[in-house]
Amino acid sequence: MRWINGYYDKLSLHKGIAAYVLQWLFLASAVGALSGSASALFLSSLDGVTGLRTDHPWLLFLLPLGGAFVSWVYLKYGGSCAKGNNLILEQIHEENDPVPVPLRMTPLVLGGTLITHLFGGSAGREGTAVQMGGSLSEWLGRLVRIRPDDRKILLMCGISAGFGSVFGTPLAGAVFGLEVLAIGLIRYEALLPCLTASLAGHAVTTAWGIHHAHYAMGAVPPLSLAVLGKVAAASILFGLTSLAFSELTHKLKLWFAKLLPHPAVKSFAGGCVVILLVYAAGTRDYLGLGLPLLQQSFHEAVSSWAFLWKLVFTSLTLGAGYQGGEVTPLFVIGATLGNALAPLLQLSGSFLAGLGLIAVFCGATNTPIACFLLGIELFGSEAAVYMFAACVISYLFSGHSGIYTSQRVSIPKDRRVKLPDKTTLFTWKQHNKKP
């Protein structure tokens, strides 16, 4: 930036901004095109394997073998890919000697997630889309020899493009890539690139003929203190449920690794337990994404314990090392919990299901702004005040926990807590362990 008689050279400023905009419109659009195409392939394939599992129930009994095979492949060829989403977050935070996000992460997580769903593991799709977006954006960055600082922004674009394209929510995807990195901090320097990547990813996925499911909250109650109080009470439970999911998943990962150190044996055992759980629950509703259960939450009453069953199935599947995301199961957990709370709070089941969907996800990812925008994109703006309140309260009551252990705690939720710089959820948990 040049100074002329004590003033900024505005022409140079505008030239610099124009160059920045052109650069990132091109790069972010390219990331969006790659991620959107990968998401389209993934979503269409996911529909195919889910249909196969539904038509051939006996495939469930191959879940232990499928999980063992995927874990063996990751052990043999995965390397750092085994860290999943956390690898991408670590590389965005890394300041010295970055480890490249391998391009092989894309086929590994794609194939691993499809096998999980083919045989009935309870997992999601966000993790797969984000990892594909991150690895493809890293490949693009190496291809064009991007600068180290810009590499971090490109990885953030991969997160946004993956999220926005797999759920059909480009605004939430853009902010998710900015907000998920650190609690209490949003990286505004990547705002334009992440927005561009998310919009492009969504557009490309749609152009491939992929259609996303839509849900309706129904009639929204008029704004009043009474309803706000009920929403606040429900949101506290949403936040605590997020906390329970995150903690149980992390605990199961540690327990499985301690009892069965070999990844393939661990996944085989976990698959056997999932099969036993199916017979204990007496239903297969909790396998896979759980989309039929999610749809039901917006149209009729569901079992009061459906949210807990889905939580246990998903934590067990992921804890045993199966590939897949957490977000769609979190949607199901939140929607079914909201539906179950509706009679107690004398509110509409579909209304509380919508709030639960975004609030439980918010508490588990610590991304209140992205989740609020997610609600707007999914349900419209009529319930905006209730949605924002639900996200904020769930975010606070989920504590310093979350599904991404490499997420940094830049500004603690409790301002009385003093933490060293670069503290992550993992190091915070280690620091607070009882002796």
# chains A, B, ... in the order shown; residues from 1 in each chain; ligands from 1
>>> residues_around(residues="region 353-363 of chain A", least_positions_apart="2", cutoff="8 Å", atoms="only C-alpha atoms", output="VMD selection string")
chain A and resid 216 to 217 235 238 to 239 241 to 243 297 to 298 327 330 to 339 349 to 351 365 to 368 371 to 372 374 to 375 379 386 to 387 390 to 391 394 to 398 402
>>> residues_around(residues="region 142-156 of chain A", least_positions_apart="3", cutoff="7 Å", atoms="only C-alpha atoms", output="VMD selection string")
chain A and resid 92 134 137 to 139 159 to 160 177 to 178 190 194
>>> write_last_selection(atoms="N, CA and C atoms", output="PDB file, in the first residue's frame")
ATOM      1  N   ILE A  92      -4.889 -26.133   8.178  1.00  0.00           N
ATOM      2  CA  ILE A  92      -5.243 -24.715   8.094  1.00  0.00           C
ATOM      3  C   ILE A  92      -4.592 -23.947   9.239  1.00  0.00           C
ATOM      4  N   GLY A 134     -11.523 -30.897   0.697  1.00  0.00           N
ATOM      5  CA  GLY A 134     -10.203 -30.496   1.183  1.00  0.00           C
ATOM      6  C   GLY A 134      -9.076 -31.102   0.368  1.00  0.00           C
ATOM      7  N   SER A 137      -9.032 -29.557  -3.179  1.00  0.00           N
ATOM      8  CA  SER A 137      -8.524 -28.181  -3.176  1.00  0.00           C
ATOM      9  C   SER A 137      -7.010 -28.165  -2.955  1.00  0.00           C
ATOM     10  N   GLU A 138      -6.506 -29.082  -2.149  1.00  0.00           N
ATOM     11  CA  GLU A 138      -5.053 -29.185  -1.950  1.00  0.00           C
ATOM     12  C   GLU A 138      -4.360 -29.582  -3.249  1.00  0.00           C
ATOM     13  N   TRP A 139      -4.956 -30.531  -3.960  1.00  0.00           N
ATOM     14  CA  TRP A 139      -4.391 -30.937  -5.249  1.00  0.00           C
ATOM     15  C   TRP A 139      -4.357 -29.765  -6.229  1.00  0.00           C
ATOM     16  N   ILE A 159     -13.687 -26.991   2.364  1.00  0.00           N
ATOM     17  CA  ILE A 159     -14.664 -27.295   3.411  1.00  0.00           C
ATOM     18  C   ILE A 159     -16.026 -26.713   3.036  1.00  0.00           C
ATOM     19  N   SER A 160     -16.034 -25.447   2.641  1.00  0.00           N
ATOM     20  CA  SER A 160     -17.292 -24.779   2.303  1.00  0.00           C
ATOM     21  C   SER A 160     -17.970 -25.423   1.103  1.00  0.00           C
ATOM     22  N   GLY A 177     -17.279 -23.089   6.629  1.00  0.00           N
ATOM     23  CA  GLY A 177     -15.848 -23.141   6.359  1.00  0.00           C
ATOM     24  C   GLY A 177     -15.062 -22.073   7.089  1.00  0.00           C
ATOM     25  N   LEU A 178     -15.693 -20.954   7.416  1.00  0.00           N
ATOM     26  CA  LEU A 178     -15.044 -19.869   8.150  1.00  0.00           C
ATOM     27  C   LEU A 178     -15.107 -20.081   9.662  1.00  0.00           C
ATOM     28  N   ALA A 190     -11.309 -14.984   4.287  1.00  0.00           N
ATOM     29  CA  ALA A 190     -11.709 -16.022   3.336  1.00  0.00           C
ATOM     30  C   ALA A 190     -13.196 -15.957   2.995  1.00  0.00           C
ATOM     31  N   CYS A 194     -14.760 -18.494   0.191  1.00  0.00           N
ATOM     32  CA  CYS A 194     -15.620 -19.570   0.684  1.00  0.00           C
ATOM     33  C   CYS A 194     -17.039 -19.449   0.149  1.00  0.00           C
TER      34      CYS A 194
END
>>> atom_distance(atom1="CA of Gly229 (chain A)", atom2="CA of Glu326 (chain A)")
29.0 Å
>>> closest_residue(among="A:Leu22, A:Val31, A:Leu341, A:Ala82", to="Ala161 (chain A)", atoms="only C-alpha atoms")
A:Val31
>>> closest_residue(among="A:Thr116, A:Ser410, A:Thr128, A:Thr314", to="Pro64 (chain A)", atoms="only C-alpha atoms")
A:Thr116
>>> atom_distance(atom1="CA of Val278 (chain A)", atom2="CA of Lys253 (chain A)")
20.4 Å
>>> select_by_dssp(residues="region 207-280 of chain A", states="alpha helix (DSSP H)", output="PyMOL selection string")
chain A and resi 207+225-259+263-280
>>> closest_atom_pairs(of="region 22-122 of chain A", to="region 255-273 of chain A", cutoff="6 Å", atoms="only C-alpha atoms", output="tab-separated table")
residue	atom	partner	partner_atom	distance
A:Leu63	CA	A:Gly271	CA	5.4
A:Pro64	CA	A:Phe268	CA	4.1
A:Gly67	CA	A:Ser267	CA	5.2
A:Ala68	CA	A:Ala264	CA	4.1
A:Ser71	CA	A:Ala264	CA	5.0
A:Trp72	CA	A:Ala264	CA	5.3
>>> write_last_selection(atoms="N, CA and C atoms", output="JSON list (two decimals), in the first residue's frame")
[["chain", "number", "residue", "atom", "x", "y", "z"],
["A", 63, "LEU", "N", -21.52, -56.36, 7.58],
["A", 63, "LEU", "CA", -20.98, -55.11, 8.13],
["A", 63, "LEU", "C", -19.63, -55.31, 8.82],
["A", 64, "PRO", "N", -19.44, -56.33, 9.67],
["A", 64, "PRO", "CA", -18.13, -56.50, 10.31],
["A", 64, "PRO", "C", -17.00, -56.70, 9.31],
["A", 67, "GLY", "N", -16.35, -53.32, 7.42],
["A", 67, "GLY", "CA", -15.62, -52.38, 8.27],
["A", 67, "GLY", "C", -14.18, -52.78, 8.45],
["A", 68, "ALA", "N", -13.93, -54.09, 8.63],
["A", 68, "ALA", "CA", -12.56, -54.57, 8.79],
["A", 68, "ALA", "C", -11.74, -54.31, 7.53],
["A", 71, "SER", "N", -10.89, -50.53, 7.26],
["A", 71, "SER", "CA", -9.87, -50.16, 8.25],
["A", 71, "SER", "C", -8.51, -50.70, 7.86],
["A", 72, "TRP", "N", -8.49, -51.90, 7.26],
["A", 72, "TRP", "CA", -7.22, -52.46, 6.80],
["A", 72, "TRP", "C", -6.65, -51.61, 5.66]]
>>> closest_residue(among="A:Asn96, A:Gly32, A:Thr405, A:Phe119", to="Leu65 (chain A)", atoms="only C-alpha atoms")
A:Phe119
